[in-house]
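A.B. asks: Okay, so here is upload.pdb, and as you'll see once you scroll down, it has PDB, C-alpha atoms and all ligand atoms.
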```pdb
ATOM      1  CA  MET U   1      52.431 136.088  89.647
ATOM      2  CA  PRO U   2      52.108 132.593  91.183
ATOM      3  CA  LYS U   3      48.962 130.772  90.166
ATOM      4  CA  ILE U   4      46.332 129.221  92.410
ATOM      5  CA  GLY U   5      46.390 125.428  92.093
ATOM      6  CA  ILE U   6      43.188 123.616  91.234
ATOM      7  CA  GLY U   7      42.812 119.893  91.989
ATOM      8  CA  VAL U   8      40.175 117.802  90.250
ATOM      9  CA  LEU U   9      38.571 114.566  91.428
ATOM     10  CA  VAL U  10      37.090 112.258  88.786
ATOM     11  CA  SER U  11      35.568 108.807  88.366
ATOM     12  CA  GLY U  12      34.666 108.668  84.686
ATOM     13  CA  GLY U  13      35.052 110.202  81.267
ATOM     14  CA  GLY U  14      36.522 113.473  82.458
ATOM     15  CA  SER U  15      34.950 115.893  79.995
ATOM     16  CA  ASN U  16      34.331 118.410  82.794
ATOM     17  CA  PHE U  17      37.929 118.040  83.942
ATOM     18  CA  GLN U  18      39.028 118.782  80.374
ATOM     19  CA  ALA U  19      36.715 121.814  80.187
ATOM     20  CA  LEU U  20      38.283 123.214  83.370
ATOM     21  CA  ALA U  21      41.876 122.512  82.325
ATOM     22  CA  GLU U  22      41.334 124.071  78.900
ATOM     23  CA  ALA U  23      39.465 127.092  80.267
ATOM     24  CA  ALA U  24      42.347 127.775  82.659
ATOM     25  CA  ARG U  25      44.895 127.449  79.857
ATOM     26  CA  LYS U  26      42.912 129.788  77.608
ATOM     27  CA  GLY U  27      42.919 132.433  80.345
ATOM     28  CA  GLU U  28      39.218 132.074  81.128
ATOM     29  CA  ILE U  29      40.087 131.389  84.785
ATOM     30  CA  PRO U  30      42.761 134.048  85.286
ATOM     31  CA  GLY U  31      45.309 133.036  87.903
ATOM     32  CA  GLY U  32      44.038 129.458  88.065
ATOM     33  CA  GLU U  33      45.793 126.304  86.954
ATOM     34  CA  VAL U  34      44.680 122.664  87.033
ATOM     35  CA  ARG U  35      47.626 120.999  88.718
ATOM     36  CA  LEU U  36      46.518 117.490  89.566
ATOM     37  CA  VAL U  37      43.672 115.142  88.719
ATOM     38  CA  VAL U  38      42.894 112.213  91.013
ATOM     39  CA  SER U  39      40.714 109.301  89.980
ATOM     40  CA  ASN U  40      39.190 106.637  92.219
ATOM     41  CA  ARG U  41      39.027 104.299  89.212
ATOM     42  CA  PRO U  42      42.066 103.041  87.282
ATOM     43  CA  GLY U  43      40.046 102.742  84.038
ATOM     44  CA  ALA U  44      38.631 106.271  84.049
ATOM     45  CA  GLY U  45      38.653 107.940  80.634
ATOM     46  CA  ALA U  46      39.701 111.111  82.451
ATOM     47  CA  LEU U  47      43.183 109.599  82.795
ATOM     48  CA  VAL U  48      43.553 109.416  79.019
ATOM     49  CA  ARG U  49      42.491 113.044  78.767
ATOM     50  CA  ALA U  50      44.961 114.014  81.503
ATOM     51  CA  LYS U  51      47.766 112.419  79.552
ATOM     52  CA  ALA U  52      46.779 114.239  76.368
ATOM     53  CA  LEU U  53      46.534 117.531  78.267
ATOM     54  CA  GLU U  54      49.789 116.870  80.138
ATOM     55  CA  VAL U  55      48.164 117.302  83.517
ATOM     56  CA  GLU U  56      49.558 115.146  86.302
ATOM     57  CA  ALA U  57      47.188 112.330  87.256
ATOM     58  CA  LEU U  58      47.081 109.862  90.150
ATOM     59  CA  VAL U  59      44.807 106.923  90.909
ATOM     60  CA  PHE U  60      43.832 106.060  94.463
ATOM     61  CA  GLU U  61      41.382 103.251  95.074
ATOM     62  CA  PRO U  62      39.467 103.246  98.364
ATOM     63  CA  LYS U  63      40.059  99.477  98.759
ATOM     64  CA  ASP U  64      43.766 100.161  99.292
ATOM     65  CA  PHE U  65      43.133 102.292 102.377
ATOM     66  CA  ALA U  66      42.175 101.331 105.932
ATOM     67  CA  SER U  67      39.282 103.800 106.032
ATOM     68  CA  ARG U  68      37.542 106.460 103.976
ATOM     69  CA  ALA U  69      39.101 109.091 106.220
ATOM     70  CA  ALA U  70      42.585 107.691 105.428
ATOM     71  CA  TYR U  71      41.705 107.709 101.740
ATOM     72  CA  TYR U  72      40.775 111.384 101.741
ATOM     73  CA  GLU U  73      43.697 112.273 103.992
ATOM     74  CA  ARG U  74      46.024 110.907 101.296
ATOM     75  CA  ILE U  75      44.285 112.761  98.460
ATOM     76  CA  GLY U  76      44.307 115.964 100.500
ATOM     77  CA  ASP U  77      48.027 115.527 101.184
ATOM     78  CA  GLU U  78      48.794 115.091  97.469
ATOM     79  CA  PHE U  79      46.792 118.223  96.671
ATOM     80  CA  LYS U  80      48.507 120.207  99.417
ATOM     81  CA  LYS U  81      51.957 119.066  98.249
ATOM     82  CA  ARG U  82      51.146 120.784  94.955
ATOM     83  CA  SER U  83      49.664 123.858  96.666
ATOM     84  CA  VAL U  84      46.157 123.061  95.473
ATOM     85  CA  ARG U  85      43.738 125.521  97.085
ATOM     86  CA  LEU U  86      40.525 124.747  95.207
ATOM     87  CA  VAL U  87      39.106 121.272  94.581
ATOM     88  CA  CYS U  88      36.630 120.565  91.789
ATOM     89  CA  LEU U  89      34.612 117.364  91.731
ATOM     90  CA  ALA U  90      34.047 116.544  88.079
ATOM     91  CA  GLY U  91      31.978 113.401  87.683
ATOM     92  CA  PHE U  92      33.391 112.121  90.982
ATOM     93  CA  LEU U  93      30.894 109.593  92.244
ATOM     94  CA  MET U  94      32.026 109.075  95.833
ATOM     95  CA  LYS U  95      30.777 111.049  98.805
ATOM     96  CA  VAL U  96      33.539 113.178 100.265
ATOM     97  CA  GLU U  97      34.305 112.706 103.941
ATOM     98  CA  PRO U  98      34.210 115.428 106.621
ATOM     99  CA  ASN U  99      38.009 115.328 107.107
ATOM    100  CA  PHE U 100      38.476 116.277 103.437
ATOM    101  CA  ILE U 101      35.937 119.108 103.714
ATOM    102  CA  ARG U 102      37.847 120.403 106.745
ATOM    103  CA  MET U 103      41.089 120.416 104.717
ATOM    104  CA  PHE U 104      39.483 122.650 102.051
ATOM    105  CA  PRO U 105      36.734 124.540 103.894
ATOM    106  CA  GLY U 106      34.311 126.163 101.434
ATOM    107  CA  ARG U 107      36.776 125.355  98.655
ATOM    108  CA  ILE U 108      35.352 122.155  97.194
ATOM    109  CA  LEU U 109      32.943 122.536  94.275
ATOM    110  CA  ASN U 110      30.778 119.941  92.570
ATOM    111  CA  ILE U 111      28.897 119.844  89.297
ATOM    112  CA  HIS U 112      25.644 117.923  89.148
ATOM    113  CA  PRO U 113      23.667 117.165  85.972
ATOM    114  CA  ALA U 114      20.289 118.426  87.234
ATOM    115  CA  LEU U 115      18.647 121.481  88.709
ATOM    116  CA  LEU U 116      19.358 120.896  92.392
ATOM    117  CA  PRO U 117      17.752 120.540  94.875
ATOM    118  CA  ARG U 118      15.776 118.270  92.541
ATOM    119  CA  TYR U 119      17.284 114.957  91.437
ATOM    120  CA  GLY U 120      20.195 114.951  93.868
ATOM    121  CA  GLY U 121      21.337 112.576  96.582
ATOM    122  CA  LYS U 122      22.523 109.006  96.863
ATOM    123  CA  GLY U 123      22.175 107.014  93.644
ATOM    124  CA  MET U 124      21.376 110.121  91.609
ATOM    125  CA  TYR U 125      24.294 110.374  89.267
ATOM    126  CA  GLY U 126      24.979 110.290  85.553
ATOM    127  CA  ARG U 127      22.392 108.363  83.562
ATOM    128  CA  PHE U 128      20.104 107.767  86.588
ATOM    129  CA  VAL U 129      19.499 111.499  86.894
ATOM    130  CA  HIS U 130      18.468 111.889  83.258
ATOM    131  CA  GLU U 131      16.265 108.769  83.407
ATOM    132  CA  ALA U 132      14.446 110.182  86.429
ATOM    133  CA  VAL U 133      13.957 113.582  84.772
ATOM    134  CA  ILE U 134      12.506 112.025  81.592
ATOM    135  CA  LYS U 135      10.259 109.708  83.613
ATOM    136  CA  SER U 136       8.895 112.620  85.640
ATOM    137  CA  GLY U 137       7.757 114.424  82.489
ATOM    138  CA  ASP U 138       9.591 117.660  83.440
ATOM    139  CA  ALA U 139       9.803 120.174  80.602
ATOM    140  CA  GLU U 140      13.305 121.260  81.562
ATOM    141  CA  SER U 141      16.461 120.050  83.195
ATOM    142  CA  GLY U 142      19.944 121.492  83.544
ATOM    143  CA  CYS U 143      22.998 121.478  85.727
ATOM    144  CA  THR U 144      24.192 122.975  88.987
ATOM    145  CA  VAL U 145      27.564 123.992  90.407
ATOM    146  CA  HIS U 146      27.554 124.130  94.195
ATOM    147  CA  VAL U 147      29.904 124.277  97.151
ATOM    148  CA  VAL U 148      30.241 120.827  98.721
ATOM    149  CA  ASP U 149      29.113 120.249 102.273
ATOM    150  CA  GLU U 150      28.664 117.053 104.249
ATOM    151  CA  GLU U 151      25.422 116.049 102.499
ATOM    152  CA  PHE U 152      25.355 114.504  99.039
ATOM    153  CA  ASP U 153      24.626 117.059  96.247
ATOM    154  CA  HIS U 154      24.003 119.759  98.836
ATOM    155  CA  GLY U 155      25.548 123.109  99.750
ATOM    156  CA  PRO U 156      25.345 126.696  98.456
ATOM    157  CA  ILE U 157      24.455 126.906  94.754
ATOM    158  CA  LEU U 158      26.833 129.046  92.676
ATOM    159  CA  ARG U 159      25.544 128.549  89.111
ATOM    160  CA  GLN U 160      22.747 126.820  87.262
ATOM    161  CA  ALA U 161      21.923 126.465  83.577
ATOM    162  CA  ARG U 162      18.695 125.175  82.069
ATOM    163  CA  VAL U 163      18.023 123.092  78.991
ATOM    164  CA  PRO U 164      14.707 121.877  77.551
ATOM    165  CA  VAL U 165      13.676 118.249  77.774
ATOM    166  CA  LEU U 166      12.560 117.456  74.217
ATOM    167  CA  PRO U 167       9.984 114.933  73.048
ATOM    168  CA  GLY U 168      11.694 111.635  72.312
ATOM    169  CA  ASP U 169      14.705 112.442  74.526
ATOM    170  CA  THR U 170      16.681 109.461  75.789
ATOM    171  CA  PRO U 171      18.958 109.652  78.847
ATOM    172  CA  GLU U 172      21.867 109.905  76.381
ATOM    173  CA  SER U 173      20.435 112.754  74.292
ATOM    174  CA  LEU U 174      19.453 114.708  77.404
ATOM    175  CA  ALA U 175      22.851 114.048  79.019
ATOM    176  CA  ALA U 176      24.615 115.388  75.924
ATOM    177  CA  ARG U 177      22.534 118.599  75.968
ATOM    178  CA  VAL U 178      23.173 119.080  79.696
ATOM    179  CA  LEU U 179      26.889 118.346  79.328
ATOM    180  CA  VAL U 180      27.348 121.239  76.873
ATOM    181  CA  GLU U 181      26.034 123.553  79.607
ATOM    182  CA  GLU U 182      28.165 121.869  82.286
ATOM    183  CA  HIS U 183      31.314 122.623  80.305
ATOM    184  CA  ARG U 184      30.219 126.222  79.906
ATOM    185  CA  ILE U 185      29.209 127.011  83.504
ATOM    186  CA  TYR U 186      31.811 125.108  85.530
ATOM    187  CA  PRO U 187      34.683 127.453  84.551
ATOM    188  CA  THR U 188      32.449 130.501  85.171
ATOM    189  CA  ALA U 189      31.840 129.268  88.741
ATOM    190  CA  VAL U 190      35.531 128.561  89.337
ATOM    191  CA  LYS U 191      36.686 131.967  88.063
ATOM    192  CA  PRO U 192      35.383 134.103  90.985
ATOM    193  CA  MET U 193      36.603 131.536  93.517
ATOM    194  CA  ILE U 194      40.119 131.857  92.091
ATOM    195  CA  GLU U 195      39.832 135.656  92.062
ATOM    196  CA  LYS U 196      38.913 135.567  95.752
ATOM    197  CA  LEU U 197      41.797 133.219  96.566
ATOM    198  CA  LEU U 198      44.209 135.401  94.613
ATOM    199  CA  ALA U 199      43.057 138.499  96.499
ATOM    200  CA  THR U 200      43.466 136.865  99.912
ATOM    201  CA  THR U 201      46.807 135.322  98.931
ATOM    202  CA  ASN U 202      48.084 138.736  97.903
ATOM    203  CA  GLU U 203      46.862 140.289 101.175
ATOM    204  CA  GLU U 204      48.640 137.571 103.142
ATOM    205  CA  THR U 205      51.909 138.230 101.356
ATOM    206  CA  VAL U 206      51.782 142.022 101.852
ATOM    207  CA  PRO U 207      54.092 142.725 104.822
TER     208      PRO U 207
HETATM  209  C1  LIG Y 301      28.612 114.786  84.430
HETATM  210  O1  LIG Y 301      27.369 114.881  83.798
HETATM  211  C2  LIG Y 301      28.511 115.212  85.881
HETATM  212  O2  LIG Y 301      27.622 116.272  86.104
HETATM  213  C3  LIG Y 301      27.982 113.949  86.518
HETATM  214  O3  LIG Y 301      28.707 112.918  85.899
HETATM  215  C4  LIG Y 301      29.044 113.327  84.564
HETATM  216  C5  LIG Y 301      30.531 113.171  84.394
HETATM  217  O4  LIG Y 301      30.947 113.447  83.091
HETATM  218  N1  LIG Y 301      28.163 113.985  87.936
HETATM  219  C6  LIG Y 301      27.293 113.458  88.800
HETATM  220  O5  LIG Y 301      26.300 112.845  88.440
HETATM  221  C7  LIG Y 301      27.647 113.679  90.258
HETATM  222  N2  LIG Y 301      26.513 113.465  91.096
HETATM  223  P1  LIG Y 301      32.482 113.724  82.790
HETATM  224  O6  LIG Y 301      33.261 112.625  83.505
HETATM  225  O7  LIG Y 301      32.563 113.617  81.304
HETATM  226  O8  LIG Y 301      32.825 115.092  83.310
END
```
Please go through the file and, once you have read it, give me the structure as structure tokens.
Ligand code: GAR

C.D. replies:
Amino acid sequence: MPKIGIGVLVSGGGSNFQALAEAARKGEIPGGEVRLVVSNRPGAGALVRAKALEVEALVFEPKDFASRAAYYERIGDEFKKRSVRLVCLAGFLMKVEPNFIRMFPGRILNIHPALLPRYGGKGMYGRFVHEAVIKSGDAESGCTVHVVDEEFDHGPILRQARVPVLPGDTPESLAARVLVEEHRIYPTAVKPMIEKLLATTNEETVP
């Protein structure tokens, strides 16, 4: 049976991309396959992981495009060329534009290293999130997988996982504890999306 293509957008280390690609290969996302990873940064560690995993990778830098809309148009075209139906943002630090959301309506997911709606929005990414959580004195943090809409770190929540904030935590130690949960829950959020896409694809192909 043909698989449903998953496209991943990254800016950094790419450990969530790797978790998704490996989960799909191990059969934990039945019918899903990570087909292309796109980075907005040429130096992203995710590109090294893509090479090791033998997943096709492309780099597109916004500065090379006339507008953000043109930038996302190009990425969307590359995904569509490879029949990507589901897009996963995995440590992708740019805001996606409305034209991209329209190309994949309800089919763009994001993972955020906090319990949204807290600690989301512009400037709240990576280390800044964990710094803010520690500073606030919260007893717990976690991560969230949600459907992407036109607001930053906003849209229907699909999965959350919680971790304790421990005395003496640094942004790095908290990030590492949260990341373990990110790798666990992201594939579990993708799985039902792929099942749904498989079901509708099959319906469409029934004469
Ligand atoms: C992850 O913790 C992810 O949740 C976060 O960046 C890290 C990327 O790690 N994303 C955001 O902060 C988005 N607002 P990775 O590149 O190793 O997957």

A.B. asks: Name the closest residue to ligand LIG 301 (chain Y) among the candidates U:Leu179, U:Val147, U:Val48, U:Val55; distances are taken between atoms, counting all atoms listed in the file.

C.D. replies: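 With all atoms listed in the file as the atom set, the closest residue is U:Leu179.
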
A.B. asks: Take the PyMOL selection byres (((not hetatm)) within 10 of (chain Y and resi 301)), apply it to the structure above, and return the hits as a PyMOL selection string.

C.D. replies: chain U and resi 9-20+44-46+89-95+110-114+119-130+142-145+152-153+175-183+186

A.B. asks: Next, write the just-selected residues to a file, as a PDB file, keeping the file's coordinate frame, keeping C-alpha atoms as the atom set.

C.D. replies:
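Final file, result_4.pdb:
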```pdb
ATOM      1  CA  LEU U   9      38.571 114.566  91.428  1.00  0.00           C
ATOM      2  CA  VAL U  10      37.090 112.258  88.786  1.00  0.00           C
ATOM      3  CA  SER U  11      35.568 108.807  88.366  1.00  0.00           C
ATOM      4  CA  GLY U  12      34.666 108.668  84.686  1.00  0.00           C
ATOM      5  CA  GLY U  13      35.052 110.202  81.267  1.00  0.00           C
ATOM      6  CA  GLY U  14      36.522 113.473  82.458  1.00  0.00           C
ATOM      7  CA  SER U  15      34.950 115.893  79.995  1.00  0.00           C
ATOM      8  CA  ASN U  16      34.331 118.410  82.794  1.00  0.00           C
ATOM      9  CA  PHE U  17      37.929 118.040  83.942  1.00  0.00           C
ATOM     10  CA  GLN U  18      39.028 118.782  80.374  1.00  0.00           C
ATOM     11  CA  ALA U  19      36.715 121.814  80.187  1.00  0.00           C
ATOM     12  CA  LEU U  20      38.283 123.214  83.370  1.00  0.00           C
ATOM     13  CA  ALA U  44      38.631 106.271  84.049  1.00  0.00           C
ATOM     14  CA  GLY U  45      38.653 107.940  80.634  1.00  0.00           C
ATOM     15  CA  ALA U  46      39.701 111.111  82.451  1.00  0.00           C
ATOM     16  CA  LEU U  89      34.612 117.364  91.731  1.00  0.00           C
ATOM     17  CA  ALA U  90      34.047 116.544  88.079  1.00  0.00           C
ATOM     18  CA  GLY U  91      31.978 113.401  87.683  1.00  0.00           C
ATOM     19  CA  PHE U  92      33.391 112.121  90.982  1.00  0.00           C
ATOM     20  CA  LEU U  93      30.894 109.593  92.244  1.00  0.00           C
ATOM     21  CA  MET U  94      32.026 109.075  95.833  1.00  0.00           C
ATOM     22  CA  LYS U  95      30.777 111.049  98.805  1.00  0.00           C
ATOM     23  CA  ASN U 110      30.778 119.941  92.570  1.00  0.00           C
ATOM     24  CA  ILE U 111      28.897 119.844  89.297  1.00  0.00           C
ATOM     25  CA  HIS U 112      25.644 117.923  89.148  1.00  0.00           C
ATOM     26  CA  PRO U 113      23.667 117.165  85.972  1.00  0.00           C
ATOM     27  CA  ALA U 114      20.289 118.426  87.234  1.00  0.00           C
ATOM     28  CA  TYR U 119      17.284 114.957  91.437  1.00  0.00           C
ATOM     29  CA  GLY U 120      20.195 114.951  93.868  1.00  0.00           C
ATOM     30  CA  GLY U 121      21.337 112.576  96.582  1.00  0.00           C
ATOM     31  CA  LYS U 122      22.523 109.006  96.863  1.00  0.00           C
ATOM     32  CA  GLY U 123      22.175 107.014  93.644  1.00  0.00           C
ATOM     33  CA  MET U 124      21.376 110.121  91.609  1.00  0.00           C
ATOM     34  CA  TYR U 125      24.294 110.374  89.267  1.00  0.00           C
ATOM     35  CA  GLY U 126      24.979 110.290  85.553  1.00  0.00           C
ATOM     36  CA  ARG U 127      22.392 108.363  83.562  1.00  0.00           C
ATOM     37  CA  PHE U 128      20.104 107.767  86.588  1.00  0.00           C
ATOM     38  CA  VAL U 129      19.499 111.499  86.894  1.00  0.00           C
ATOM     39  CA  HIS U 130      18.468 111.889  83.258  1.00  0.00           C
ATOM     40  CA  GLY U 142      19.944 121.492  83.544  1.00  0.00           C
ATOM     41  CA  CYS U 143      22.998 121.478  85.727  1.00  0.00           C
ATOM     42  CA  THR U 144      24.192 122.975  88.987  1.00  0.00           C
ATOM     43  CA  VAL U 145      27.564 123.992  90.407  1.00  0.00           C
ATOM     44  CA  PHE U 152      25.355 114.504  99.039  1.00  0.00           C
ATOM     45  CA  ASP U 153      24.626 117.059  96.247  1.00  0.00           C
ATOM     46  CA  ALA U 175      22.851 114.048  79.019  1.00  0.00           C
ATOM     47  CA  ALA U 176      24.615 115.388  75.924  1.00  0.00           C
ATOM     48  CA  ARG U 177      22.534 118.599  75.968  1.00  0.00           C
ATOM     49  CA  VAL U 178      23.173 119.080  79.696  1.00  0.00           C
ATOM     50  CA  LEU U 179      26.889 118.346  79.328  1.00  0.00           C
ATOM     51  CA  VAL U 180      27.348 121.239  76.873  1.00  0.00           C
ATOM     52  CA  GLU U 181      26.034 123.553  79.607  1.00  0.00           C
ATOM     53  CA  GLU U 182      28.165 121.869  82.286  1.00  0.00           C
ATOM     54  CA  HIS U 183      31.314 122.623  80.305  1.00  0.00           C
ATOM     55  CA  TYR U 186      31.811 125.108  85.530  1.00  0.00           C
TER      56      TYR U 186
END
```

A.B. asks: Write out as an mmCIF file with C-alpha atoms, in the frame of the given file which residues come within 10 Å of region 187-203 of chain U when counting only C-alpha atoms, dropping same-chain ones fewer than 6 positions away.

C.D. replies:
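File produced: around_7.cif:
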```
data_model
loop_
_atom_site.group_PDB
_atom_site.id
_atom_site.type_symbol
_atom_site.label_atom_id
_atom_site.label_comp_id
_atom_site.auth_asym_id
_atom_site.auth_seq_id
_atom_site.Cartn_x
_atom_site.Cartn_y
_atom_site.Cartn_z
ATOM 1 C CA MET U 1 52.431 136.088 89.647
ATOM 2 C CA PRO U 2 52.108 132.593 91.183
ATOM 3 C CA LYS U 3 48.962 130.772 90.166
ATOM 4 C CA ILE U 4 46.332 129.221 92.410
ATOM 5 C CA GLY U 5 46.390 125.428 92.093
ATOM 6 C CA ILE U 6 43.188 123.616 91.234
ATOM 7 C CA ASN U 16 34.331 118.410 82.794
ATOM 8 C CA PHE U 17 37.929 118.040 83.942
ATOM 9 C CA ALA U 19 36.715 121.814 80.187
ATOM 10 C CA LEU U 20 38.283 123.214 83.370
ATOM 11 C CA ALA U 21 41.876 122.512 82.325
ATOM 12 C CA GLU U 22 41.334 124.071 78.900
ATOM 13 C CA ALA U 23 39.465 127.092 80.267
ATOM 14 C CA ALA U 24 42.347 127.775 82.659
ATOM 15 C CA GLY U 27 42.919 132.433 80.345
ATOM 16 C CA GLU U 28 39.218 132.074 81.128
ATOM 17 C CA ILE U 29 40.087 131.389 84.785
ATOM 18 C CA PRO U 30 42.761 134.048 85.286
ATOM 19 C CA GLY U 31 45.309 133.036 87.903
ATOM 20 C CA GLY U 32 44.038 129.458 88.065
ATOM 21 C CA GLU U 33 45.793 126.304 86.954
ATOM 22 C CA ARG U 85 43.738 125.521 97.085
ATOM 23 C CA LEU U 86 40.525 124.747 95.207
ATOM 24 C CA VAL U 87 39.106 121.272 94.581
ATOM 25 C CA CYS U 88 36.630 120.565 91.789
ATOM 26 C CA GLY U 106 34.311 126.163 101.434
ATOM 27 C CA ARG U 107 36.776 125.355 98.655
ATOM 28 C CA LEU U 109 32.943 122.536 94.275
ATOM 29 C CA ILE U 111 28.897 119.844 89.297
ATOM 30 C CA THR U 144 24.192 122.975 88.987
ATOM 31 C CA VAL U 145 27.564 123.992 90.407
ATOM 32 C CA HIS U 146 27.554 124.130 94.195
ATOM 33 C CA VAL U 147 29.904 124.277 97.151
ATOM 34 C CA ILE U 157 24.455 126.906 94.754
ATOM 35 C CA LEU U 158 26.833 129.046 92.676
ATOM 36 C CA ARG U 159 25.544 128.549 89.111
ATOM 37 C CA GLN U 160 22.747 126.820 87.262
#
```

A.B. asks: With 5 Å of padding per side, what axis-aligned box (centre and edge lengths, Å, one decimal) covers all the listed atoms of region 59-77 of chain U? Give it as JSON.

C.D. replies:
```
{"center_x": 42.8, "center_y": 107.7, "center_z": 98.6, "size_x": 20.5, "size_y": 26.5, "size_z": 25.3}
```

A.B. asks: Can you tell me how far CA of Ser173 (chain U) sits from CA of Lys26 (chain U), in Å to one decimal?

C.D. replies: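 Separation of CA of Ser173 (chain U) and CA of Lys26 (chain U): 28.4 Å.
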
A.B. asks: Compare U:Gly137, U:Pro171, U:Pro98, U:Gly155 by their minimum atom-to-atom distance to Leu116 (chain U), counting only C-alpha atoms, and give me the closest one.

C.D. replies: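 That would be U:Gly155, the residue with the smallest distance to Leu116 (chain U).
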
A.B. asks: As a list in words, please: the residues near Asn40 (chain U) (cut-off 6 Å, all atoms listed in the file, same-chain neighbours under 5 positions excluded).

C.D. replies: Ser11, Val59, Phe60 and Glu61 of chain U

A.B. asks: Go ahead and save the picked residues with C-alpha atoms, as an mmCIF file, in the coordinates of the input.

C.D. replies:
```
data_model
loop_
_atom_site.group_PDB
_atom_site.id
_atom_site.type_symbol
_atom_site.label_atom_id
_atom_site.label_comp_id
_atom_site.auth_asym_id
_atom_site.auth_seq_id
_atom_site.Cartn_x
_atom_site.Cartn_y
_atom_site.Cartn_z
ATOM 1 C CA SER U 11 35.568 108.807 88.366
ATOM 2 C CA VAL U 59 44.807 106.923 90.909
ATOM 3 C CA PHE U 60 43.832 106.060 94.463
ATOM 4 C CA GLU U 61 41.382 103.251 95.074
#
```

A.B. asks: Would you mind reading off the distance between CA of Val84 (chain U) and CA of Arg49 (chain U), one decimal, in Å?

C.D. replies: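 According to the coordinates, CA of Val84 (chain U) and CA of Arg49 (chain U) are separated by 19.8 Å.
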
A.B. asks: One number please: CA of Arg35 (chain U) to CA of Glu151 (chain U), in Å, one decimal.

C.D. replies: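 That distance, rounded to one decimal, is 26.6 Å.
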
A.B. asks: Applied to the shown file, which residues does the PyMOL selection byres (((chain U and resi 82) around 9) and not hetatm) return, written as a compact mmCIF listing (two decimals) with C-alpha atoms, keeping the file's coordinate frame?

C.D. replies:
```txt
# COMPACT_ATOMS: atom_id res chain seq x y z
CA GLY U 5 46.39 125.43 92.09
CA GLY U 7 42.81 119.89 91.99
CA ARG U 35 47.63 121.00 88.72
CA LEU U 36 46.52 117.49 89.57
CA ASP U 77 48.03 115.53 101.18
CA GLU U 78 48.79 115.09 97.47
CA PHE U 79 46.79 118.22 96.67
CA LYS U 80 48.51 120.21 99.42
CA LYS U 81 51.96 119.07 98.25
CA SER U 83 49.66 123.86 96.67
CA VAL U 84 46.16 123.06 95.47
```

A.B. asks: Can you spell out as number ranges by chain the set of residues that the PyMOL selection byres (((chain U and resi 166) around 12) and not hetatm) selects in the structure I just provided?

C.D. replies: U: 133-134, 137-141, 163-165, 167-171, 173-175, 177

A.B. asks: Between U:Val37, U:Pro62, U:Pro156, U:Tyr72, which has the minimum distance to Ala50 (chain U) (counting all atoms listed in the file)?

C.D. replies: U:Val37
